[in-house]
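A quick write-up on the structure given underneath.
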Amino acid sequence: MRKINEIFYSLQGEGFHTGMPALFIRFSGCNLKCPFCDTPHETGTWMSDEEIMRRVAECPAQTVILTGGEPSLWISDEFIDQLHNLGKYVCIETNGTRPIPTSIDWVTCSPKGAPVVLERIDEVKVVFTGEDVEPYASLPARYHYLQPCSCQNTQAVVDYILEHPFWRLSLQTHKYIQIQ
Ligand code: SF4
């Protein structure tokens with residue numbers, strides 16, 4: 001059994017895969033307590049893998065995004081295998097503080113000040129809160145994004161990127177178009 005906050009079908013709003021339809025599996029709970037956390041992930045329902053995979057199989061999209069909270073608290077190699085057996089492309093959004101199955105297809109790491117233990121990252125997505133983000137530039141990833149904090153400081157992020165063009169802008173587009 002795994003504790004699930006919600007499962008929903010929508011478009012990825014942020015980062016490299018912005019605009020891509022995907023089934024989101026939001027796991028309950030997190031090992032960090034960020035002051036700016038805007039995801040009400042704490043509640044949850046216990047679901048069997050059979051129930052979860054039934055929802056996954058019903059979804060027409062090829063992509064499944066494991067998110068939270070912190071999804072690494074709940075997943076295993078065997079869980080990823082089940083998703084792959086349904087023909088799904090498996091993405092994860094993690095704070096990077098815990099190991100994850102190596103078979104996951106796309107790894108988005110949003111570091112939150114705690115040490116990152118991941119050896120493979122596809123995109124780093126840093127919420128810009130005014131703290132020094134340059135330590136995250138050295139994380140071994142293909143893409144490095146800065147994202148406004150809850151859509152509040154977009155101009156500050158734009159200004160920072162123009163001065164530090166190593167970074168790219170990620171917007172929470174789902175909030176602008178008011179979808180989940
Ligand atoms: S790591 Fe993410 S989900 Fe966890 S408390 Fe911080 S912002 Fe919230």
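All residue names refer to the structure tokens as shown: chains lettered A, B, ... in order, residues numbered from 1 in each chain, ligands numbered from 1 in order.
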
### Message
As a quick test: using only C-alpha atoms and all ligand atoms, which residues lie no more than 7 Å away from ligand 1? Give them as a list of chain:residue names.
### Response
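These are the residues that qualify: A:Cys30, A:Asn31, A:Leu32, A:Lys33, A:Cys34, A:Phe36, A:Cys37, A:Asp38, A:Thr39, A:Gly68, A:Gly69, A:Glu70, A:Asn95, A:Lys112.
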
Those same residues, written as a PDB file, in the first residue's frame with C-alpha atoms?
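For reference, out24.pdb as written:
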```
ATOM      1  CA  CYS A  30       7.607  15.105   2.724  1.00  0.00           C
ATOM      2  CA  ASN A  31      10.856  14.767   4.661  1.00  0.00           C
ATOM      3  CA  LEU A  32      11.427  18.548   4.488  1.00  0.00           C
ATOM      4  CA  LYS A  33       9.349  21.445   5.766  1.00  0.00           C
ATOM      5  CA  CYS A  34      10.011  24.386   3.443  1.00  0.00           C
ATOM      6  CA  PHE A  36       7.224  28.470   1.123  1.00  0.00           C
ATOM      7  CA  CYS A  37       5.712  25.052   0.384  1.00  0.00           C
ATOM      8  CA  ASP A  38       2.448  25.717  -1.460  1.00  0.00           C
ATOM      9  CA  THR A  39       1.399  22.105  -2.035  1.00  0.00           C
ATOM     10  CA  GLY A  68       4.476  15.131  -3.840  1.00  0.00           C
ATOM     11  CA  GLY A  69       5.342  15.910  -1.207  1.00  0.00           C
ATOM     12  CA  GLU A  70       8.400  13.751  -1.650  1.00  0.00           C
ATOM     13  CA  ASN A  95      13.904  17.331  -3.550  1.00  0.00           C
ATOM     14  CA  LYS A 112      15.611  22.896  -1.002  1.00  0.00           C
TER      15      LYS A 112
END
```

Would you mind writing down, as a PDB file with N, CA and C atoms, in the first residue's frame, each residue of range 9-173 of chain A that DSSP on the backbone assigns to strand (DSSP E or B)?
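Dumped to selection.pdb:
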```
ATOM      1  N   TYR A   9      -5.096  13.991 -13.969  1.00  0.00           N
ATOM      2  CA  TYR A   9      -4.596  14.102 -15.346  1.00  0.00           C
ATOM      3  C   TYR A   9      -4.591  15.569 -15.744  1.00  0.00           C
ATOM      4  N   SER A  10      -3.437  16.067 -16.177  1.00  0.00           N
ATOM      5  CA  SER A  10      -3.341  17.482 -16.543  1.00  0.00           C
ATOM      6  C   SER A  10      -2.147  17.670 -17.476  1.00  0.00           C
ATOM      7  N   LEU A  11      -1.738  18.922 -17.621  1.00  0.00           N
ATOM      8  CA  LEU A  11      -0.529  19.245 -18.371  1.00  0.00           C
ATOM      9  C   LEU A  11       0.575  19.588 -17.386  1.00  0.00           C
ATOM     10  N   PRO A  21       1.032  16.586 -21.675  1.00  0.00           N
ATOM     11  CA  PRO A  21      -0.002  15.921 -20.887  1.00  0.00           C
ATOM     12  C   PRO A  21       0.584  14.763 -20.079  1.00  0.00           C
ATOM     13  N   ALA A  22       0.119  14.633 -18.860  1.00  0.00           N
ATOM     14  CA  ALA A  22       0.672  13.586 -17.995  1.00  0.00           C
ATOM     15  C   ALA A  22      -0.302  13.256 -16.875  1.00  0.00           C
ATOM     16  N   LEU A  23      -0.207  12.039 -16.396  1.00  0.00           N
ATOM     17  CA  LEU A  23      -0.932  11.645 -15.189  1.00  0.00           C
ATOM     18  C   LEU A  23      -0.018  11.912 -13.999  1.00  0.00           C
ATOM     19  N   PHE A  24      -0.503  12.744 -13.091  1.00  0.00           N
ATOM     20  CA  PHE A  24       0.268  13.082 -11.894  1.00  0.00           C
ATOM     21  C   PHE A  24      -0.158  12.164 -10.751  1.00  0.00           C
ATOM     22  N   ILE A  25       0.820  11.539 -10.140  1.00  0.00           N
ATOM     23  CA  ILE A  25       0.580  10.780  -8.917  1.00  0.00           C
ATOM     24  C   ILE A  25       1.265  11.545  -7.793  1.00  0.00           C
ATOM     25  N   ARG A  26       0.454  12.205  -6.972  1.00  0.00           N
ATOM     26  CA  ARG A  26       1.013  12.999  -5.877  1.00  0.00           C
ATOM     27  C   ARG A  26       0.999  12.171  -4.601  1.00  0.00           C
ATOM     28  N   PHE A  27       2.194  11.844  -4.113  1.00  0.00           N
ATOM     29  CA  PHE A  27       2.307  11.067  -2.882  1.00  0.00           C
ATOM     30  C   PHE A  27       2.194  11.995  -1.680  1.00  0.00           C
ATOM     31  N   THR A  45      -4.642   8.969   0.987  1.00  0.00           N
ATOM     32  CA  THR A  45      -5.437   7.750   1.028  1.00  0.00           C
ATOM     33  C   THR A  45      -4.515   6.585   0.723  1.00  0.00           C
ATOM     34  N   TRP A  46      -4.650   5.517   1.499  1.00  0.00           N
ATOM     35  CA  TRP A  46      -3.847   4.331   1.217  1.00  0.00           C
ATOM     36  C   TRP A  46      -4.417   3.615  -0.003  1.00  0.00           C
ATOM     37  N   MET A  47      -3.563   3.375  -0.998  1.00  0.00           N
ATOM     38  CA  MET A  47      -4.009   2.704  -2.224  1.00  0.00           C
ATOM     39  C   MET A  47      -3.089   1.534  -2.522  1.00  0.00           C
ATOM     40  N   THR A  63       2.846   9.688 -20.361  1.00  0.00           N
ATOM     41  CA  THR A  63       3.743  10.106 -19.281  1.00  0.00           C
ATOM     42  C   THR A  63       3.058  10.059 -17.920  1.00  0.00           C
ATOM     43  N   VAL A  64       3.790   9.553 -16.948  1.00  0.00           N
ATOM     44  CA  VAL A  64       3.366   9.571 -15.547  1.00  0.00           C
ATOM     45  C   VAL A  64       4.395  10.383 -14.776  1.00  0.00           C
ATOM     46  N   ILE A  65       3.911  11.335 -13.967  1.00  0.00           N
ATOM     47  CA  ILE A  65       4.815  12.153 -13.161  1.00  0.00           C
ATOM     48  C   ILE A  65       4.591  11.837 -11.690  1.00  0.00           C
ATOM     49  N   LEU A  66       5.642  11.372 -11.035  1.00  0.00           N
ATOM     50  CA  LEU A  66       5.581  11.061  -9.605  1.00  0.00           C
ATOM     51  C   LEU A  66       6.007  12.304  -8.846  1.00  0.00           C
ATOM     52  N   THR A  67       5.104  12.804  -8.010  1.00  0.00           N
ATOM     53  CA  THR A  67       5.398  14.057  -7.330  1.00  0.00           C
ATOM     54  C   THR A  67       4.882  13.992  -5.904  1.00  0.00           C
ATOM     55  N   TYR A  89       6.133   6.412 -19.668  1.00  0.00           N
ATOM     56  CA  TYR A  89       7.388   7.151 -19.492  1.00  0.00           C
ATOM     57  C   TYR A  89       7.308   7.779 -18.112  1.00  0.00           C
ATOM     58  N   VAL A  90       8.252   7.459 -17.256  1.00  0.00           N
ATOM     59  CA  VAL A  90       8.119   7.784 -15.838  1.00  0.00           C
ATOM     60  C   VAL A  90       9.046   8.941 -15.456  1.00  0.00           C
ATOM     61  N   CYS A  91       8.438  10.004 -14.973  1.00  0.00           N
ATOM     62  CA  CYS A  91       9.176  11.177 -14.494  1.00  0.00           C
ATOM     63  C   CYS A  91       8.997  11.290 -12.985  1.00  0.00           C
ATOM     64  N   ILE A  92       9.974  11.904 -12.346  1.00  0.00           N
ATOM     65  CA  ILE A  92       9.841  12.161 -10.908  1.00  0.00           C
ATOM     66  C   ILE A  92      10.225  13.598 -10.620  1.00  0.00           C
ATOM     67  N   GLU A  93       9.528  14.189  -9.652  1.00  0.00           N
ATOM     68  CA  GLU A  93       9.876  15.502  -9.115  1.00  0.00           C
ATOM     69  C   GLU A  93      10.262  15.290  -7.662  1.00  0.00           C
ATOM     70  N   THR A  94      11.538  15.501  -7.350  1.00  0.00           N
ATOM     71  CA  THR A  94      12.040  15.155  -6.029  1.00  0.00           C
ATOM     72  C   THR A  94      12.900  16.278  -5.478  1.00  0.00           C
ATOM     73  N   TRP A 106      13.011  10.219 -16.304  1.00  0.00           N
ATOM     74  CA  TRP A 106      13.336  11.647 -16.261  1.00  0.00           C
ATOM     75  C   TRP A 106      13.315  12.110 -14.816  1.00  0.00           C
ATOM     76  N   VAL A 107      14.416  12.735 -14.396  1.00  0.00           N
ATOM     77  CA  VAL A 107      14.552  13.151 -13.004  1.00  0.00           C
ATOM     78  C   VAL A 107      14.599  14.677 -12.925  1.00  0.00           C
ATOM     79  N   THR A 108      13.594  15.243 -12.255  1.00  0.00           N
ATOM     80  CA  THR A 108      13.587  16.669 -11.956  1.00  0.00           C
ATOM     81  C   THR A 108      13.920  16.826 -10.490  1.00  0.00           C
ATOM     82  N   CYS A 109      14.990  17.539 -10.203  1.00  0.00           N
ATOM     83  CA  CYS A 109      15.388  17.764  -8.813  1.00  0.00           C
ATOM     84  C   CYS A 109      15.158  19.227  -8.466  1.00  0.00           C
ATOM     85  N   GLU A 123      16.893  17.568 -15.007  1.00  0.00           N
ATOM     86  CA  GLU A 123      16.755  19.016 -14.841  1.00  0.00           C
ATOM     87  C   GLU A 123      16.764  19.381 -13.368  1.00  0.00           C
ATOM     88  N   VAL A 124      17.454  20.476 -13.096  1.00  0.00           N
ATOM     89  CA  VAL A 124      17.398  21.095 -11.774  1.00  0.00           C
ATOM     90  C   VAL A 124      16.433  22.265 -11.873  1.00  0.00           C
ATOM     91  N   LYS A 125      15.526  22.350 -10.924  1.00  0.00           N
ATOM     92  CA  LYS A 125      14.537  23.430 -10.922  1.00  0.00           C
ATOM     93  C   LYS A 125      14.558  24.066  -9.536  1.00  0.00           C
ATOM     94  N   VAL A 126      15.093  25.278  -9.478  1.00  0.00           N
ATOM     95  CA  VAL A 126      15.295  25.938  -8.196  1.00  0.00           C
ATOM     96  C   VAL A 126      14.241  27.023  -8.008  1.00  0.00           C
ATOM     97  N   VAL A 127      13.522  26.956  -6.900  1.00  0.00           N
ATOM     98  CA  VAL A 127      12.590  28.027  -6.547  1.00  0.00           C
ATOM     99  C   VAL A 127      13.414  29.208  -6.037  1.00  0.00           C
ATOM    100  N   PHE A 128      13.263  30.349  -6.704  1.00  0.00           N
ATOM    101  CA  PHE A 128      14.081  31.528  -6.421  1.00  0.00           C
ATOM    102  C   PHE A 128      13.484  32.292  -5.245  1.00  0.00           C
ATOM    103  N   TYR A 143      19.788  20.433 -17.671  1.00  0.00           N
ATOM    104  CA  TYR A 143      19.175  21.756 -17.712  1.00  0.00           C
ATOM    105  C   TYR A 143      19.060  22.300 -16.291  1.00  0.00           C
ATOM    106  N   HIS A 144      19.205  23.614 -16.194  1.00  0.00           N
ATOM    107  CA  HIS A 144      19.112  24.277 -14.894  1.00  0.00           C
ATOM    108  C   HIS A 144      18.103  25.421 -14.999  1.00  0.00           C
ATOM    109  N   TYR A 145      17.016  25.298 -14.239  1.00  0.00           N
ATOM    110  CA  TYR A 145      15.934  26.289 -14.286  1.00  0.00           C
ATOM    111  C   TYR A 145      15.833  27.033 -12.963  1.00  0.00           C
ATOM    112  N   LEU A 146      15.477  28.310 -13.088  1.00  0.00           N
ATOM    113  CA  LEU A 146      15.046  29.090 -11.918  1.00  0.00           C
ATOM    114  C   LEU A 146      13.564  29.371 -12.066  1.00  0.00           C
ATOM    115  N   GLN A 147      12.849  29.295 -10.969  1.00  0.00           N
ATOM    116  CA  GLN A 147      11.398  29.449 -11.011  1.00  0.00           C
ATOM    117  C   GLN A 147      10.961  30.451  -9.937  1.00  0.00           C
ATOM    118  N   PRO A 148      10.113  31.411 -10.313  1.00  0.00           N
ATOM    119  CA  PRO A 148       9.591  32.329  -9.295  1.00  0.00           C
ATOM    120  C   PRO A 148       8.904  31.562  -8.176  1.00  0.00           C
ATOM    121  N   ARG A 168      17.888  29.069 -17.009  1.00  0.00           N
ATOM    122  CA  ARG A 168      16.686  29.276 -17.822  1.00  0.00           C
ATOM    123  C   ARG A 168      15.506  29.551 -16.894  1.00  0.00           C
ATOM    124  N   LEU A 169      14.480  30.171 -17.471  1.00  0.00           N
ATOM    125  CA  LEU A 169      13.281  30.498 -16.689  1.00  0.00           C
ATOM    126  C   LEU A 169      12.264  29.354 -16.757  1.00  0.00           C
TER     127      LEU A 169
END
```

### Message
DSSP on the backbone, alpha helix (DSSP H) only: what residues of chain A does that give? Format it as JSON, numbers by chain.
### Response
{"A": [49, 50, 51, 52, 53, 54, 55, 56, 57, 58, 77, 78, 79, 80, 81, 82, 83, 84, 85, 134, 135, 136, 137, 154, 155, 156, 157, 158, 159, 160, 161, 162, 163, 173, 174, 175, 176]}

### Task
Can you work out the spacing between CA of Glu78 in chain A and CA of Ser28 in chain A in Å, to one decimal?
19.1 Å

### Task
Could you check which of A:Asp49, A:Asp122, A:Asp159, A:Glu42 is closest to Phe79 in chain A, using only C-alpha atoms?
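Looking only at the distances to Phe79 in chain A, the closest residue turns out to be A:Asp49.
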
### Task
For CA of Val117 in chain A and CA of Pro140 in chain A, quote the distance in Å rounded to one decimal.
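Taking CA of Val117 in chain A and CA of Pro140 in chain A, their separation equals 11.1 Å.
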